[in-house]
>>> print(open('upload02.cif').read())   # mmCIF, C-alpha atoms, pLDDT in the B column; chains and numbers go by the auth columns
data_entry
#
loop_
_atom_site.group_PDB
_atom_site.id
_atom_site.type_symbol
_atom_site.label_atom_id
_atom_site.label_comp_id
_atom_site.label_asym_id
_atom_site.label_seq_id
_atom_site.Cartn_x
_atom_site.Cartn_y
_atom_site.Cartn_z
_atom_site.B_iso_or_equiv
_atom_site.auth_seq_id
_atom_site.auth_asym_id
ATOM 1 C CA MET A 1 -73.079 154.179 153.404 40.00 115 O
ATOM 2 C CA GLU A 2 -69.719 152.604 152.637 44.00 116 O
ATOM 3 C CA GLU A 3 -71.485 149.345 151.756 48.00 117 O
ATOM 4 C CA ASN A 4 -73.548 151.240 149.159 49.00 118 O
ATOM 5 C CA ALA A 5 -70.333 152.334 147.449 52.00 119 O
ATOM 6 C CA TYR A 6 -69.094 148.753 147.260 60.00 120 O
ATOM 7 C CA LEU A 7 -72.498 147.685 145.943 66.00 121 O
ATOM 8 C CA ALA A 8 -72.236 150.260 143.132 66.00 122 O
ATOM 9 C CA SER A 9 -68.950 148.717 142.018 68.00 123 O
ATOM 10 C CA ILE A 10 -70.392 145.208 142.305 74.00 124 O
ATOM 11 C CA VAL A 11 -73.382 146.214 140.166 75.00 125 O
ATOM 12 C CA ALA A 12 -70.904 147.582 137.621 75.00 126 O
ATOM 13 C CA SER A 13 -69.043 144.259 137.647 78.00 127 O
ATOM 14 C CA VAL A 14 -72.295 142.360 137.038 82.00 128 O
ATOM 15 C CA PHE A 15 -73.069 144.694 134.127 81.00 129 O
ATOM 16 C CA TYR A 16 -69.617 143.938 132.731 83.00 130 O
ATOM 17 C CA LEU A 17 -70.071 140.172 133.056 87.00 131 O
ATOM 18 C CA VAL A 18 -73.536 140.176 131.467 86.00 132 O
ATOM 19 C CA ALA A 19 -72.406 142.480 128.638 84.00 133 O
ATOM 20 C CA GLY A 20 -69.370 140.272 128.037 86.00 134 O
ATOM 21 C CA TYR A 21 -71.556 137.164 127.955 88.00 135 O
ATOM 22 C CA ARG A 22 -74.003 138.755 125.518 87.00 136 O
ATOM 23 C CA LEU A 23 -71.219 139.907 123.217 87.00 137 O
ATOM 24 C CA LEU A 24 -69.606 136.467 123.218 89.00 138 O
ATOM 25 C CA ARG A 25 -73.007 134.913 122.444 88.00 139 O
ATOM 26 C CA LEU A 26 -73.449 137.451 119.640 83.00 140 O
ATOM 27 C CA ARG A 27 -70.072 136.437 118.287 86.00 141 O
ATOM 28 C CA GLN A 28 -71.267 132.831 118.006 85.00 142 O
ATOM 29 C CA ARG A 29 -73.925 134.029 115.554 86.00 143 O
ATOM 30 C CA THR A 30 -71.933 136.628 113.628 83.00 144 O
ATOM 31 C CA ARG A 31 -68.507 134.915 113.729 84.00 145 O
ATOM 32 C CA GLU A 32 -67.042 138.420 113.761 85.00 146 O
ATOM 33 C CA ARG A 33 -63.802 139.306 115.562 87.00 147 O
ATOM 34 C CA PRO A 34 -64.898 142.641 117.153 86.00 148 O
ATOM 35 C CA GLU A 35 -67.617 140.974 119.244 87.00 149 O
ATOM 36 C CA LEU A 36 -65.099 138.403 120.505 91.00 150 O
ATOM 37 C CA LEU A 37 -62.500 141.019 121.460 92.00 151 O
ATOM 38 C CA LEU A 38 -64.920 143.345 123.213 88.00 152 O
ATOM 39 C CA GLY A 39 -66.672 140.415 124.902 89.00 153 O
ATOM 40 C CA LEU A 40 -63.378 139.187 126.378 92.00 154 O
ATOM 41 C CA TYR A 41 -62.541 142.676 127.623 91.00 155 O
ATOM 42 C CA PHE A 42 -65.843 143.032 129.445 88.00 156 O
ATOM 43 C CA ALA A 43 -65.815 139.522 130.879 89.00 157 O
ATOM 44 C CA LEU A 44 -62.337 139.967 132.370 89.00 158 O
ATOM 45 C CA SER A 45 -63.198 143.475 133.599 86.00 159 O
ATOM 46 C CA GLY A 46 -66.197 142.008 135.397 84.00 160 O
ATOM 47 C CA VAL A 47 -63.999 139.400 137.086 84.00 161 O
ATOM 48 C CA TYR A 48 -61.603 142.167 138.158 81.00 162 O
ATOM 49 C CA TYR A 49 -64.227 144.407 139.769 77.00 163 O
ATOM 50 C CA LEU A 50 -66.128 141.532 141.338 78.00 164 O
ATOM 51 C CA GLY A 51 -62.951 140.034 142.776 73.00 165 O
ATOM 52 C CA PHE A 52 -61.865 143.255 144.424 70.00 166 O
ATOM 53 C CA ASN A 53 -65.197 144.503 145.747 67.00 167 O
ATOM 54 C CA ILE A 54 -66.958 141.454 147.176 67.00 168 O
ATOM 55 C CA PRO A 55 -64.260 140.842 149.845 62.00 169 O
ATOM 56 C CA SER A 56 -64.454 144.519 150.884 62.00 170 O
ATOM 57 C CA LEU A 57 -68.242 144.300 151.120 59.00 171 O
ATOM 58 C CA LEU A 58 -67.923 141.191 153.304 61.00 172 O
ATOM 59 C CA GLY A 59 -65.594 142.974 155.683 59.00 173 O
ATOM 60 C CA PHE A 60 -62.202 141.587 154.671 59.00 174 O
ATOM 61 C CA GLU A 61 -59.520 144.263 154.988 58.00 175 O
ATOM 62 C CA ALA A 62 -57.347 142.917 152.190 60.00 176 O
ATOM 63 C CA LEU A 63 -57.220 140.087 149.702 60.00 177 O
ATOM 64 C CA PRO A 64 -54.480 137.455 149.953 62.00 178 O
ATOM 65 C CA ALA A 65 -51.503 138.701 147.977 65.00 179 O
ATOM 66 C CA ARG A 66 -51.639 135.932 145.378 69.00 180 O
ATOM 67 C CA VAL A 67 -55.354 136.446 144.782 69.00 181 O
ATOM 68 C CA SER A 68 -54.848 140.191 144.395 72.00 182 O
ATOM 69 C CA VAL A 69 -52.061 139.634 141.885 76.00 183 O
ATOM 70 C CA ALA A 70 -54.121 137.085 139.903 78.00 184 O
ATOM 71 C CA ILE A 71 -57.069 139.479 139.656 78.00 185 O
ATOM 72 C CA GLU A 72 -54.770 142.291 138.561 80.00 186 O
ATOM 73 C CA TRP A 73 -53.304 140.184 135.755 85.00 187 O
ATOM 74 C CA ALA A 74 -56.790 139.114 134.669 84.00 188 O
ATOM 75 C CA TYR A 75 -57.702 142.749 134.069 84.00 189 O
ATOM 76 C CA MET A 76 -54.388 143.472 132.360 87.00 190 O
ATOM 77 C CA PHE A 77 -54.976 140.591 129.928 88.00 191 O
ATOM 78 C CA GLY A 78 -58.486 141.961 129.333 88.00 192 O
ATOM 79 C CA VAL A 79 -57.128 145.289 128.092 93.00 193 O
ATOM 80 C CA PHE A 80 -55.227 143.557 125.266 93.00 194 O
ATOM 81 C CA PRO A 81 -58.384 142.496 123.347 93.00 195 O
ATOM 82 C CA TYR A 82 -59.766 146.008 123.947 94.00 196 O
ATOM 83 C CA LEU A 83 -56.707 147.464 122.229 95.00 197 O
ATOM 84 C CA LEU A 84 -57.038 144.938 119.415 94.00 198 O
ATOM 85 C CA PHE A 85 -60.719 145.869 119.048 93.00 199 O
ATOM 86 C CA ILE A 86 -59.902 149.577 118.614 94.00 200 O
ATOM 87 C CA ARG A 87 -57.052 148.821 116.238 94.00 201 O
ATOM 88 C CA SER A 88 -59.004 146.386 114.039 91.00 202 O
ATOM 89 C CA VAL A 89 -62.226 148.431 113.911 89.00 203 O
ATOM 90 C CA PHE A 90 -60.838 151.946 113.474 92.00 204 O
ATOM 91 C CA ARG A 91 -57.165 151.807 112.402 91.00 205 O
ATOM 92 C CA ALA A 92 -56.592 148.428 110.793 88.00 206 O
ATOM 93 C CA LYS A 93 -54.475 149.841 107.949 88.00 207 O
ATOM 94 C CA GLU A 94 -52.584 152.677 109.670 91.00 208 O
ATOM 95 C CA ALA A 95 -49.123 151.774 110.935 92.00 209 O
ATOM 96 C CA TRP A 96 -49.341 154.234 113.816 94.00 210 O
ATOM 97 C CA GLY A 97 -52.297 152.281 115.203 92.00 211 O
ATOM 98 C CA GLY A 98 -50.000 149.308 115.660 93.00 212 O
ATOM 99 C CA TRP A 99 -47.464 151.515 117.443 95.00 213 O
ATOM 100 C CA VAL A 100 -50.101 152.767 119.884 95.00 214 O
ATOM 101 C CA LEU A 101 -51.206 149.188 120.532 95.00 215 O
ATOM 102 C CA GLY A 102 -47.614 148.074 121.141 95.00 216 O
ATOM 103 C CA ILE A 103 -46.718 150.984 123.429 96.00 217 O
ATOM 104 C CA CYS A 104 -49.862 150.569 125.537 96.00 218 O
ATOM 105 C CA SER A 105 -49.215 146.833 125.812 95.00 219 O
ATOM 106 C CA ALA A 106 -45.645 147.480 126.940 96.00 220 O
ATOM 107 C CA PHE A 107 -46.830 149.943 129.609 95.00 221 O
ATOM 108 C CA LEU A 108 -49.383 147.408 130.840 93.00 222 O
ATOM 109 C CA VAL A 109 -46.946 144.515 131.038 93.00 223 O
ATOM 110 C CA VAL A 110 -44.099 146.486 132.619 93.00 224 O
ATOM 111 C CA GLY A 111 -46.336 148.299 135.084 90.00 225 O
ATOM 112 C CA THR A 112 -48.235 145.187 136.184 89.00 226 O
ATOM 113 C CA LEU A 113 -45.096 143.050 136.348 90.00 227 O
ATOM 114 C CA MET A 114 -43.228 145.534 138.522 89.00 228 O
ATOM 115 C CA LEU A 115 -46.272 146.032 140.758 83.00 229 O
ATOM 116 C CA THR A 116 -46.529 142.312 141.408 83.00 230 O
ATOM 117 C CA LEU A 117 -42.864 141.363 141.855 82.00 231 O
ATOM 118 C CA ASP A 118 -43.269 141.721 145.621 68.00 232 O
ATOM 119 C CA GLY A 119 -46.373 139.546 145.579 60.00 233 O
ATOM 120 C CA SER A 120 -48.841 142.400 146.088 59.00 234 O
ATOM 121 C CA VAL A 121 -50.385 145.335 144.248 63.00 235 O
ATOM 122 C CA ASP A 122 -49.445 148.768 145.565 66.00 236 O
ATOM 123 C CA TYR A 123 -51.772 151.566 144.427 71.00 237 O
ATOM 124 C CA ALA A 124 -50.175 154.924 145.173 73.00 238 O
ATOM 125 C CA LEU A 125 -49.527 158.044 143.135 77.00 239 O
ATOM 126 C CA ASP A 126 -45.895 158.057 144.220 78.00 240 O
ATOM 127 C CA ASN A 127 -45.409 154.549 142.806 82.00 241 O
ATOM 128 C CA PRO A 128 -44.096 154.972 139.230 87.00 242 O
ATOM 129 C CA TRP A 129 -45.201 151.456 138.283 87.00 243 O
ATOM 130 C CA PHE A 130 -48.814 152.176 139.186 86.00 244 O
ATOM 131 C CA VAL A 131 -48.637 155.307 137.012 89.00 245 O
ATOM 132 C CA THR A 132 -47.091 153.231 134.202 92.00 246 O
ATOM 133 C CA GLN A 133 -49.910 150.699 134.402 91.00 247 O
ATOM 134 C CA TRP A 134 -52.502 153.494 134.641 92.00 248 O
ATOM 135 C CA VAL A 135 -51.230 155.056 131.404 94.00 249 O
ATOM 136 C CA GLY A 136 -51.409 151.607 129.776 94.00 250 O
ATOM 137 C CA TYR A 137 -55.114 151.093 130.514 93.00 251 O
ATOM 138 C CA THR A 138 -56.272 154.720 130.305 95.00 252 O
ATOM 139 C CA THR A 139 -54.824 155.471 126.857 96.00 253 O
ATOM 140 C CA PRO A 140 -57.067 152.880 125.114 95.00 254 O
ATOM 141 C CA CYS A 141 -60.133 154.551 126.651 95.00 255 O
ATOM 142 C CA VAL A 142 -59.023 157.965 125.356 96.00 256 O
ATOM 143 C CA TRP A 143 -58.217 156.433 121.958 96.00 257 O
ATOM 144 C CA MET A 144 -61.632 154.768 121.754 95.00 258 O
ATOM 145 C CA CYS A 145 -63.421 158.012 122.654 95.00 259 O
ATOM 146 C CA TRP A 146 -61.512 159.956 120.010 96.00 260 O
ATOM 147 C CA GLU A 147 -62.027 157.398 117.228 95.00 261 O
ATOM 148 C CA ALA A 148 -65.746 156.921 117.925 94.00 262 O
ATOM 149 C CA THR A 149 -66.261 160.700 117.981 94.00 263 O
ATOM 150 C CA LEU A 150 -64.559 161.081 114.584 93.00 264 O
ATOM 151 C CA TYR A 151 -66.541 158.231 113.056 90.00 265 O
ATOM 152 C CA ARG A 152 -69.769 159.576 114.528 89.00 266 O
ATOM 153 C CA ARG A 153 -69.279 162.937 112.836 89.00 267 O
ATOM 154 C CA SER A 154 -68.661 161.259 109.487 87.00 268 O
ATOM 155 C CA ALA A 155 -71.590 158.852 109.886 86.00 269 O
ATOM 156 C CA GLN A 156 -73.908 161.671 110.939 83.00 270 O
ATOM 157 C CA LYS A 157 -73.129 163.619 107.762 82.00 271 O
ATOM 158 C CA ARG A 158 -73.839 160.547 105.633 82.00 272 O
ATOM 159 C CA ALA A 159 -77.010 159.772 107.583 76.00 273 O
ATOM 160 C CA ARG A 160 -78.406 163.226 106.768 77.00 274 O
ATOM 161 C CA ILE A 161 -78.377 162.400 103.065 74.00 275 O
ATOM 162 C CA GLY A 162 -79.530 158.816 103.486 73.00 276 O
ATOM 163 C CA LEU A 163 -76.158 157.129 102.924 74.00 277 O
ATOM 164 C CA CYS A 164 -75.902 155.728 106.443 77.00 278 O
ATOM 165 C CA PRO A 165 -78.607 154.296 108.749 80.00 279 O
ATOM 166 C CA PRO A 166 -79.308 156.714 111.646 83.00 280 O
ATOM 167 C CA ILE A 167 -78.914 153.870 114.152 86.00 281 O
ATOM 168 C CA VAL A 168 -75.301 153.363 113.004 86.00 282 O
ATOM 169 C CA ALA A 169 -74.460 157.040 113.540 87.00 283 O
ATOM 170 C CA ASN A 170 -76.066 156.813 116.971 89.00 284 O
ATOM 171 C CA ARG A 171 -74.035 153.703 117.774 90.00 285 O
ATOM 172 C CA TYR A 172 -70.807 155.652 117.276 91.00 286 O
ATOM 173 C CA LEU A 173 -72.138 158.353 119.612 92.00 287 O
ATOM 174 C CA LEU A 174 -72.891 155.746 122.272 93.00 288 O
ATOM 175 C CA LEU A 175 -69.421 154.237 121.864 92.00 289 O
ATOM 176 C CA ALA A 176 -67.848 157.677 122.288 94.00 290 O
ATOM 177 C CA LEU A 177 -69.893 158.316 125.448 95.00 291 O
ATOM 178 C CA PHE A 178 -69.063 154.839 126.738 92.00 292 O
ATOM 179 C CA ALA A 179 -65.342 155.489 126.343 93.00 293 O
ATOM 180 C CA GLY A 180 -65.699 158.981 127.826 94.00 294 O
ATOM 181 C CA PHE A 181 -67.186 157.571 131.018 93.00 295 O
ATOM 182 C CA GLN A 182 -64.410 154.996 131.104 91.00 296 O
ATOM 183 C CA VAL A 183 -61.910 157.846 131.011 93.00 297 O
ATOM 184 C CA LEU A 184 -63.710 159.428 133.979 91.00 298 O
ATOM 185 C CA ALA A 185 -63.466 156.089 135.818 87.00 299 O
ATOM 186 C CA CYS A 186 -59.726 156.008 135.114 89.00 300 O
ATOM 187 C CA LEU A 187 -59.379 159.534 136.530 88.00 301 O
ATOM 188 C CA ALA A 188 -61.287 158.348 139.611 83.00 302 O
ATOM 189 C CA ASP A 189 -58.627 155.652 139.955 81.00 303 O
ATOM 190 C CA LEU A 190 -56.099 158.438 140.584 83.00 304 O
ATOM 191 C CA SER A 191 -58.248 159.663 143.457 77.00 305 O
ATOM 192 C CA LEU A 192 -58.403 156.096 144.717 72.00 306 O
ATOM 193 C CA ALA A 193 -54.611 155.785 144.581 72.00 307 O
ATOM 194 C CA ARG A 194 -54.178 159.114 146.397 73.00 308 O
ATOM 195 C CA GLU A 195 -56.466 158.035 149.219 64.00 309 O
ATOM 196 C CA ILE A 196 -54.923 154.575 149.564 62.00 310 O
ATOM 197 C CA GLY A 197 -51.464 156.089 149.572 56.00 311 O
ATOM 198 C CA GLY A 198 -52.563 158.514 152.305 54.00 312 O
ATOM 199 C CA ASP A 199 -54.641 157.098 155.147 53.00 313 O
ATOM 200 C CA GLN A 200 -55.133 153.645 153.525 54.00 314 O
ATOM 201 C CA SER A 201 -58.906 154.161 153.271 56.00 315 O
ATOM 202 C CA VAL A 202 -61.207 154.848 150.340 56.00 316 O
ATOM 203 C CA SER A 203 -63.831 157.592 150.580 60.00 317 O
ATOM 204 C CA LEU A 204 -67.476 156.972 149.797 62.00 318 O
ATOM 205 C CA VAL A 205 -67.381 159.607 147.051 67.00 319 O
ATOM 206 C CA THR A 206 -64.438 158.014 145.238 66.00 320 O
ATOM 207 C CA ASP A 207 -65.841 154.492 145.404 67.00 321 O
ATOM 208 C CA ALA A 208 -69.297 155.641 144.304 69.00 322 O
ATOM 209 C CA LEU A 209 -67.746 157.672 141.462 76.00 323 O
ATOM 210 C CA ILE A 210 -65.867 154.622 140.171 73.00 324 O
ATOM 211 C CA GLY A 211 -68.957 152.420 140.388 72.00 325 O
ATOM 212 C CA GLY A 212 -71.260 155.052 138.872 79.00 326 O
ATOM 213 C CA THR A 213 -69.047 155.823 135.893 84.00 327 O
ATOM 214 C CA GLU A 214 -68.531 152.127 135.208 79.00 328 O
ATOM 215 C CA ILE A 215 -72.265 151.364 135.388 81.00 329 O
ATOM 216 C CA THR A 216 -73.055 154.272 133.053 87.00 330 O
ATOM 217 C CA SER A 217 -70.385 153.263 130.548 85.00 331 O
ATOM 218 C CA VAL A 218 -71.633 149.677 130.317 81.00 332 O
ATOM 219 C CA ALA A 219 -75.273 150.839 130.061 85.00 333 O
ATOM 220 C CA LEU A 220 -74.270 152.991 127.084 89.00 334 O
ATOM 221 C CA LEU A 221 -72.477 150.055 125.490 83.00 335 O
ATOM 222 C CA TRP A 222 -75.588 147.942 126.029 82.00 336 O
ATOM 223 C CA LEU A 223 -77.635 150.468 124.056 87.00 337 O
ATOM 224 C CA ALA A 224 -75.019 150.441 121.309 85.00 338 O
ATOM 225 C CA PHE A 225 -75.102 146.670 120.779 81.00 339 O
ATOM 226 C CA PHE A 226 -78.396 145.496 122.293 83.00 340 O
ATOM 227 C CA ALA A 227 -80.714 148.468 121.886 83.00 341 O
ATOM 228 C CA PRO A 228 -84.389 147.688 122.647 86.00 342 O
ATOM 229 C CA HIS A 229 -86.841 148.142 119.802 87.00 343 O
ATOM 230 C CA PHE A 230 -88.391 151.304 121.236 88.00 344 O
ATOM 231 C CA TYR A 231 -84.977 152.995 121.409 86.00 345 O
ATOM 232 C CA SER A 232 -84.069 152.055 117.828 84.00 346 O
ATOM 233 C CA SER A 233 -87.463 153.277 116.628 85.00 347 O
ATOM 234 C CA TRP A 234 -87.022 156.556 118.489 84.00 348 O
ATOM 235 C CA ILE A 235 -83.611 157.157 116.879 84.00 349 O
ATOM 236 C CA ILE A 236 -85.024 156.455 113.405 81.00 350 O
ATOM 237 C CA ARG A 237 -88.067 158.722 113.960 79.00 351 O
ATOM 238 C CA ARG A 238 -86.019 161.691 115.101 75.00 352 O
ATOM 239 C CA ALA A 239 -83.463 161.390 112.279 68.00 353 O
ATOM 240 C CA VAL A 240 -83.408 164.259 109.806 60.00 354 O
ATOM 241 C CA ILE A 241 -82.656 163.079 106.263 56.00 355 O
ATOM 242 C CA LEU A 242 -82.085 165.862 103.762 49.00 356 O
ATOM 243 C CA PRO A 243 -83.216 165.520 100.135 51.00 357 O
ATOM 244 C CA THR A 244 -80.480 164.955 97.576 48.00 358 O
ATOM 245 C CA PRO A 245 -80.323 166.178 93.948 46.00 359 O
ATOM 246 C CA MET A 246 -81.235 162.634 92.840 44.00 360 O
ATOM 247 C CA ASP A 247 -84.537 162.974 94.718 48.00 361 O
ATOM 248 C CA GLY A 248 -85.540 166.142 93.047 46.00 362 O
#
>>> encode(input="upload02.cif", output="structure tokens")
Amino acid sequence: MEENAYLASIVASVFYLVAGYRLLRLRQRTRERPELLLGLYFALSGVYYLGFNIPSLLGFEALPARVSVAIEWAYMFGVFPYLLFIRSVFRAKEAWGGWVLGICSAFLVVGTLMLTLDGSVDYALDNPWFVTQWVGYTTPCVWMCWEATLYRRSAQKRARIGLCPPIVANRYLLLALFAGFQVLACLADLSLAREIGGDQSVSLVTDALIGGTEITSVALLWLAFFAPHFYSSWIIRRAVILPTPMDG
């Protein structure tokens, strides 16, 4: 049963790596910055989850300290392009967006640096540096969910009068759901830290919750960027477009 939980997280990591690869390939065609930023975030997230879960699945009790630290920094560096993606796509002109990006980056750097000064990563709720790092990578997920929800509402209103393609409005919905499941995964990290700080073991429920929320979030992102034809057609068919005065 415990192996199944590790497998769920490994499947999530594979989803991350494949999604990152596809986004980076897409960027080669579009030459757009958002695909590059999001692709880097997913690729490095995949490395992080794969690096931590495969040794556990193979029966190793703990990673070598230097390997653990390297994997932790890989994920931390992955969050930076995620923040830049949110900032450039949703709040490119607002000054406060830059402040949020800077504050989150500072929390990430300080938290990760202090966690790794001893050559290891200590996950525990009573460790203020873990909490600092957690705030640094959870806030972007909350920010993304909020922004995508706002944009979805606006796009949905425009789609009803034919000013926005229904698939675009749906894409914002999928992005909001994607970020929402990422927030749930971050909350599951708190459960993980509580268990590690207690009896040094991780429950099946917590590990499966982390893997399940991560898999769901990446699946939603896949629909947003690489939706199959039948899904796009279904969204277009079910769209309700109201007549405008110009039609009448």
>>> closest_atom_pairs(input="upload02.cif", of="stretch 240-350 of chain O", to="stretch 205-220 of chain O", cutoff="8 Å", atoms="only C-alpha atoms", output="Markdown table")
| residue | atom | partner | partner_atom | distance |
| --- | --- | --- | --- | --- |
| O:Val249 | CA | O:Cys218 | CA | 7.5 |
| O:Gly250 | CA | O:Cys218 | CA | 4.6 |
| O:Tyr251 | CA | O:Cys218 | CA | 7.3 |
| O:Thr253 | CA | O:Cys218 | CA | 7.1 |
| O:Pro254 | CA | O:Cys218 | CA | 7.6 |
>>> closest_atom_pairs(input="upload02.cif", of="stretch 248-356 of chain O", to="stretch 151-159 of chain O", cutoff="12 Å", atoms="all atoms listed in the file", output="JSON lines")
{"residue": "O:Tyr251", "atom": "CA", "partner": "O:Ser159", "partner_atom": "CA", "distance": 11.5}
{"residue": "O:Pro254", "atom": "CA", "partner": "O:Tyr155", "partner_atom": "CA", "distance": 11.8}
{"residue": "O:Met258", "atom": "CA", "partner": "O:Leu152", "partner_atom": "CA", "distance": 12.0}
{"residue": "O:Leu289", "atom": "CA", "partner": "O:Leu152", "partner_atom": "CA", "distance": 11.9}
{"residue": "O:Gln296", "atom": "CA", "partner": "O:Ser159", "partner_atom": "CA", "distance": 11.9}
{"residue": "O:Glu328", "atom": "CA", "partner": "O:Ser159", "partner_atom": "CA", "distance": 10.3}
{"residue": "O:Ser331", "atom": "CA", "partner": "O:Phe156", "partner_atom": "CA", "distance": 11.2}
{"residue": "O:Val332", "atom": "CA", "partner": "O:Phe156", "partner_atom": "CA", "distance": 8.9}
{"residue": "O:Leu335", "atom": "CA", "partner": "O:Leu152", "partner_atom": "CA", "distance": 10.4}
{"residue": "O:Trp336", "atom": "CA", "partner": "O:Phe156", "partner_atom": "CA", "distance": 11.4}
{"residue": "O:Phe339", "atom": "CA", "partner": "O:Leu152", "partner_atom": "CA", "distance": 11.0}
>>> closest_residue(input="upload02.cif", among="O:Leu337, O:Val297, O:Ala188, O:Ala283", to="O:Trp248", atoms="all atoms listed in the file")
O:Val297
>>> closest_residue(input="upload02.cif", among="O:Ala307, O:Ala133, O:Leu298, O:Met228", to="O:Gly160", atoms="only C-alpha atoms")
O:Ala133
>>> closest_residue(input="upload02.cif", among="O:Arg308, O:Arg285, O:Ile185, O:Ala293", to="O:Val245", atoms="all atoms listed in the file")
O:Arg308
>>> atom_distance(input="upload02.cif", atom1="atom CA of O:Thr230", atom2="atom CA of O:Phe166")
15.7 Å
>>> atom_distance(input="upload02.cif", atom1="atom CA of O:Leu197", atom2="atom CA of O:Val256")
11.2 Å
>>> atom_distance(input="upload02.cif", atom1="atom CA of O:Leu277", atom2="atom CA of O:Ile349")
15.8 Å
>>> resolve_selection(input="upload02.cif", expression="the PyMOL selection byres ((chain O and resi 243) around 8)", output="list in words")
Val224, Gly225, Thr226, Met228, Leu229, Asn241, Pro242, Phe244, Val245, Thr246 and Gln247 of chain O
